[in-house]
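Novice: My questions all concern the structure below.
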Amino acid sequence: MISDKIGRFIVTPTGFHRQGGALVCDEVPLRDITAAEGTPLYVYSANVIAERFRAIAEAFASYPHSLHYALKANSTLAIARLLRSLGAGADANSGGEIDVALRAGFIPAQIVFTGVGKTQAELAQAIDLGVMTINAESAGEIERIDALAIDRQVRARIALRVNPDIDARSHPHISTGLKTNKFGVPIDEVPDLCRRFANARGVEIVGLHIHLGSQITDLTPLRKASEAIVALSRELRDLGVFIDHVDLGGGLGISYDGSPVPSARDYADALLPAVRDSGLELILEPGRNIIGPAGVLLSRVIDVKPQGNGRQFVILDAGMTELIRPMLYNAFHRIEHVETHDRPAADCDIVGPLCESSDTLGKNRVLEQPEVGDLMAVMDTGAYGAVMASNYNRRLMPPEVLVDRGRWTVIRRRQTIDDLLALEA
Ligand SMILES: Cc1ncc(COP(=O)(O)O)c(C=O)c1O
């Protein structure tokens with residue numbers, strides 16, 4: 001909140017917006033952060049994270065539920081801690097993410113453990129900790145959990161990851177709910193599997209889990225999946241298998257290009273009708289929807305090169321090593337000047353500095369004529385951005401900054417070449 005010239009309080013927008021042509025994050029000019037920390041650099045807004053988490057929590061408030069933040073979207077410790085303080089549980093996809101969750105202060109009973117290929121060590125870790133549920137992916141995995149738990153004289157709580165053969169209508173690389181995808185147990189095999197493990201000494205089947213995919217903007221597949229999983233829970237009940245929850249995964253998309261997408265309330269309206277009468281607790285694993293719009297990647301123009309056809313290559317100091325989504329999924333991210341200038345429009349291909357032609361962050365963009373040294377913001381990069389960064393070309397992982405109530409903090413420092421080489425003989 002700021003006050004105007006005559007002292008009235010004005011509610012200012014949160015997150016990333018422009019003040020006098022300059023992009024700010026919750027009142028902090030992004031240029032100031034880069035002046036201190038350099039580029040490339042990720043900046044996140046604590047306000048946006050909180051608003052988006054609360055929007056989902058409020059949309060589902062009428063039904064018993066818990067939101068397990070999908071750490072895979074962004075597991076930087078400070079972000080995980082922030083989500084915990086907001087009331088989230090955690091969805092971990094590896095032993096490493098379980099460790100991060102614990103270090104962020106989540107207790108094992110707040111952690112669900114998912115993953116298509118869990119190692120024996122990871123399963124043992126989850127069983128020893130007594131995580132809330134292990135989302136089991138196959139008959140073989142249930143057998144392995146059973147054996148490990150019997151060794152330890154405990155009974156592990158598992159949910160069966162069900163593959164409902166429903167098309168998420170998202171990008172094929174981030175769709176997981178079709179028969180042809182490697183995830184889960186085919187839905188028609190679930191009753192037999194439950195019967196088989198009903199009296200297992202080491203496992204207790206307490207839930208059903210579905211995750212159809214990510215960046216889902218058509219809610220019909222999610223609605224169908226919730227109907228299918230609730231129908232399946234009834235079928236199981238008739239067989240004498242009583243579960244306590246359904247976990248409908250994550251997947252709710254965001255608008256990368258400004259086009260309308262479903263709100264948290266639309267999401268709840270799509271899922272709750274099927275679940276409401278079941279009496280089962282609902283678990284959700286949102287990732288992208290919370291953290292995606294809460295982050296930007298800041299980068300500087302290091303060269304501008306004519307292509308000879310009226311177009312230009314704008315070469316940034318960030319590329320596929322900092323943000324691989326455009327190259328991996330053909331994903332679109334808006335790219336903007338951090339500060340506007342009064343320059344003519346130019347047709348640009350915005351590329352990274354790596355020795356790969358696929359290292360293109362944005363093709364066919366119209367920008368105010370970029371110049372060497374300009375600061376650019378790649379928008380909506382809070383999810384699957386920094387977590388997917390790599391050291392290819394011996395590039396160093398970028399720092400991450402969290403802006404919270406007008407103050408900014410480095411939550412992960414820039415990697416140094418010594419950090420990188422410390423692992424090598
Ligand atoms: C099992 C599981 N749960 C949750 C998520 C989070 O998905 P999203 O970030 O789209 O919400 C994923 C990501 O694909 C996932 O694989």
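Going through the structure tokens in order, the chains are called A, B, and so on, while each chain numbers its residues from 1 and the ligands are numbered from 1 in the order shown.
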Near stretch 74-76 of chain A, counting only C-alpha atoms, which residues have an atom at most 6 Å away, once you skip same-chain residues fewer than 3 positions from it, shown as a PyMOL selection string?
Specialist: chain A and resi 71+79-80+383+387
Novice: As a ChimeraX atom specification, please: the residues near A:Gly253 (cut-off 6 Å, only C-alpha atoms, same-chain neighbours under 4 positions excluded).
Specialist: /A:215-217,289
Novice: Could you dump the residues just selected with N, CA, C and O atoms as a PDB file, in the first residue's frame?
Specialist:
ATOM      1  N   GLN A 215       0.077 -28.233 -16.772  1.00  0.00           N
ATOM      2  CA  GLN A 215      -0.381 -27.148 -17.650  1.00  0.00           C
ATOM      3  C   GLN A 215      -1.707 -27.532 -18.334  1.00  0.00           C
ATOM      4  O   GLN A 215      -1.881 -27.403 -19.548  1.00  0.00           O
ATOM      5  N   ILE A 216      -2.647 -28.014 -17.511  1.00  0.00           N
ATOM      6  CA  ILE A 216      -3.972 -28.390 -18.018  1.00  0.00           C
ATOM      7  C   ILE A 216      -4.874 -27.154 -17.955  1.00  0.00           C
ATOM      8  O   ILE A 216      -5.028 -26.546 -16.891  1.00  0.00           O
ATOM      9  N   THR A 217      -5.423 -26.773 -19.091  1.00  0.00           N
ATOM     10  CA  THR A 217      -6.276 -25.578 -19.103  1.00  0.00           C
ATOM     11  C   THR A 217      -7.707 -25.909 -19.528  1.00  0.00           C
ATOM     12  O   THR A 217      -8.561 -25.037 -19.567  1.00  0.00           O
ATOM     13  N   ASN A 289       0.678 -23.871 -10.757  1.00  0.00           N
ATOM     14  CA  ASN A 289      -0.326 -22.830 -10.593  1.00  0.00           C
ATOM     15  C   ASN A 289       0.034 -21.851  -9.481  1.00  0.00           C
ATOM     16  O   ASN A 289      -0.307 -20.681  -9.536  1.00  0.00           O
TER      17      ASN A 289
END
Novice: Write as a count of residues only the residues around ligand 1, taking 10 Å as the cut-off and counting only C-alpha atoms and all ligand atoms.
Specialist: 51
Novice: Tell me, in Å to one decimal, how far atom CA of A:Gly295 is from atom CA of A:Tyr256.
Specialist: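 Going from atom CA of A:Gly295 over to atom CA of A:Tyr256 covers 12.1 Å.
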Novice: Please determine, counting only C-alpha atoms, which residue among A:Asp303, A:Glu141, A:Asp277, A:Glu204 has the shortest atom-to-atom distance to A:Arg155.
Specialist: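 Comparing A:Asp303, A:Glu141, A:Asp277, A:Glu204 against A:Arg155, the winner is A:Glu204.
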Novice: Within 8 Å of A:Phe242, counting only C-alpha atoms, which residues qualify if same-chain residues fewer than 5 places away don't, as a PDB file with N, CA and C atoms, in the first residue's frame?
Specialist:
ATOM      1  N   VAL A 206      -4.455 -47.091   1.412  1.00  0.00           N
ATOM      2  CA  VAL A 206      -5.315 -46.085   2.060  1.00  0.00           C
ATOM      3  C   VAL A 206      -5.843 -45.039   1.090  1.00  0.00           C
ATOM      4  N   SER A 233     -13.306 -45.958  -6.225  1.00  0.00           N
ATOM      5  CA  SER A 233     -13.286 -46.123  -4.759  1.00  0.00           C
ATOM      6  C   SER A 233     -14.550 -46.858  -4.288  1.00  0.00           C
ATOM      7  N   LEU A 236     -14.144 -50.482  -5.027  1.00  0.00           N
ATOM      8  CA  LEU A 236     -13.250 -51.103  -4.042  1.00  0.00           C
ATOM      9  C   LEU A 236     -13.990 -51.348  -2.727  1.00  0.00           C
ATOM     10  N   ARG A 237     -14.807 -50.367  -2.363  1.00  0.00           N
ATOM     11  CA  ARG A 237     -15.569 -50.516  -1.107  1.00  0.00           C
ATOM     12  C   ARG A 237     -16.439 -51.769  -1.175  1.00  0.00           C
TER      13      ARG A 237
END
Novice: Identify, on the basis of only C-alpha atoms, every residue whose closest approach to A:Asp269 does not exceed 12 Å; exclude the query and any residue fewer than 2 positions from it along the same chain; express the result as a list in words.
Specialist: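 What passes the distance filter is Ile56, Ala59, Phe60, Ala61, Ser62, Tyr63, Leu219, Thr220, Leu222, Arg223, Ser226, Pro262, Ser263, Ala264, Arg265, Asp266, Tyr267, Leu271, Leu272, Pro273, Ala274, Val275 and Arg276 of chain A.
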Novice: Just asking: which residues within stretch 56-134 of chain A are strand (DSSP E or B) according to DSSP, as a list in words?
Specialist: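 Taking stretch 56-134 of chain A and keeping strand (DSSP E or B) only, one gets His65, Ser66, Leu67, His68, Tyr69, Ala70, Gly89, Ala90, Asp91, Ala92, Ile111, Val112, Phe113, Thr133 and Ile134 of chain A.
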Novice: Generate the output file for the selected residues, N, CA, C and O atoms, as a PDB file, in the first residue's frame.
Specialist:
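Below is the file that was written, out34.pdb:
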ATOM      1  N   HIS A  65      -9.807 -31.169   2.776  1.00  0.00           N
ATOM      2  CA  HIS A  65      -8.765 -31.355   1.760  1.00  0.00           C
ATOM      3  C   HIS A  65      -7.410 -30.956   2.335  1.00  0.00           C
ATOM      4  O   HIS A  65      -7.341 -30.287   3.361  1.00  0.00           O
ATOM      5  N   SER A  66      -6.350 -31.377   1.673  1.00  0.00           N
ATOM      6  CA  SER A  66      -5.047 -30.790   1.973  1.00  0.00           C
ATOM      7  C   SER A  66      -4.286 -30.570   0.676  1.00  0.00           C
ATOM      8  O   SER A  66      -4.407 -31.354  -0.275  1.00  0.00           O
ATOM      9  N   LEU A  67      -3.547 -29.466   0.666  1.00  0.00           N
ATOM     10  CA  LEU A  67      -2.794 -29.080  -0.528  1.00  0.00           C
ATOM     11  C   LEU A  67      -1.342 -29.427  -0.300  1.00  0.00           C
ATOM     12  O   LEU A  67      -0.686 -28.850   0.577  1.00  0.00           O
ATOM     13  N   HIS A  68      -0.860 -30.375  -1.070  1.00  0.00           N
ATOM     14  CA  HIS A  68       0.544 -30.784  -0.958  1.00  0.00           C
ATOM     15  C   HIS A  68       1.309 -30.147  -2.107  1.00  0.00           C
ATOM     16  O   HIS A  68       1.215 -30.612  -3.255  1.00  0.00           O
ATOM     17  N   TYR A  69       2.019 -29.081  -1.803  1.00  0.00           N
ATOM     18  CA  TYR A  69       2.756 -28.342  -2.831  1.00  0.00           C
ATOM     19  C   TYR A  69       3.735 -29.291  -3.538  1.00  0.00           C
ATOM     20  O   TYR A  69       4.521 -29.991  -2.875  1.00  0.00           O
ATOM     21  N   ALA A  70       3.680 -29.306  -4.874  1.00  0.00           N
ATOM     22  CA  ALA A  70       4.562 -30.187  -5.657  1.00  0.00           C
ATOM     23  C   ALA A  70       5.949 -29.555  -5.731  1.00  0.00           C
ATOM     24  O   ALA A  70       6.187 -28.620  -6.496  1.00  0.00           O
ATOM     25  N   GLY A  89       1.116 -28.963   2.665  1.00  0.00           N
ATOM     26  CA  GLY A  89       1.923 -30.158   2.848  1.00  0.00           C
ATOM     27  C   GLY A  89       2.880 -30.214   1.664  1.00  0.00           C
ATOM     28  O   GLY A  89       2.943 -29.271   0.866  1.00  0.00           O
ATOM     29  N   ALA A  90       3.610 -31.320   1.532  1.00  0.00           N
ATOM     30  CA  ALA A  90       4.577 -31.413   0.441  1.00  0.00           C
ATOM     31  C   ALA A  90       4.329 -32.664  -0.386  1.00  0.00           C
ATOM     32  O   ALA A  90       3.969 -33.707   0.151  1.00  0.00           O
ATOM     33  N   ASP A  91       4.528 -32.528  -1.691  1.00  0.00           N
ATOM     34  CA  ASP A  91       4.550 -33.685  -2.590  1.00  0.00           C
ATOM     35  C   ASP A  91       5.984 -33.802  -3.074  1.00  0.00           C
ATOM     36  O   ASP A  91       6.490 -32.907  -3.758  1.00  0.00           O
ATOM     37  N   ALA A  92       6.649 -34.895  -2.669  1.00  0.00           N
ATOM     38  CA  ALA A  92       8.055 -35.089  -3.025  1.00  0.00           C
ATOM     39  C   ALA A  92       8.166 -36.147  -4.107  1.00  0.00           C
ATOM     40  O   ALA A  92       7.454 -37.144  -4.081  1.00  0.00           O
ATOM     41  N   ILE A 111       4.092 -35.316   4.197  1.00  0.00           N
ATOM     42  CA  ILE A 111       4.755 -35.541   2.904  1.00  0.00           C
ATOM     43  C   ILE A 111       4.116 -36.722   2.175  1.00  0.00           C
ATOM     44  O   ILE A 111       3.982 -37.814   2.732  1.00  0.00           O
ATOM     45  N   VAL A 112       3.696 -36.496   0.932  1.00  0.00           N
ATOM     46  CA  VAL A 112       3.346 -37.637   0.083  1.00  0.00           C
ATOM     47  C   VAL A 112       4.527 -37.856  -0.861  1.00  0.00           C
ATOM     48  O   VAL A 112       5.171 -36.906  -1.301  1.00  0.00           O
ATOM     49  N   PHE A 113       4.804 -39.129  -1.135  1.00  0.00           N
ATOM     50  CA  PHE A 113       5.974 -39.473  -1.940  1.00  0.00           C
ATOM     51  C   PHE A 113       5.504 -40.121  -3.233  1.00  0.00           C
ATOM     52  O   PHE A 113       4.898 -41.186  -3.225  1.00  0.00           O
ATOM     53  N   THR A 133       1.904 -40.875   2.843  1.00  0.00           N
ATOM     54  CA  THR A 133       1.538 -41.920   1.880  1.00  0.00           C
ATOM     55  C   THR A 133       2.637 -42.058   0.844  1.00  0.00           C
ATOM     56  O   THR A 133       3.238 -41.061   0.442  1.00  0.00           O
ATOM     57  N   ILE A 134       2.847 -43.286   0.411  1.00  0.00           N
ATOM     58  CA  ILE A 134       3.680 -43.504  -0.769  1.00  0.00           C
ATOM     59  C   ILE A 134       2.705 -43.776  -1.913  1.00  0.00           C
ATOM     60  O   ILE A 134       1.867 -44.689  -1.817  1.00  0.00           O
TER      61      ILE A 134
END
Novice: State, in Å with one decimal place, the distance from atom CA of A:Asp349 to atom CA of A:Gln369.
Specialist: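 Between atom CA of A:Asp349 and atom CA of A:Gln369 the gap works out to 11.9 Å.
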Novice: If you measure from atom CA of A:Gly406 to atom CA of A:Ala386, what distance in Å do you get, rounded to one decimal?
Specialist: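 Result for atom CA of A:Gly406 versus atom CA of A:Ala386: 22.4 Å, one decimal.
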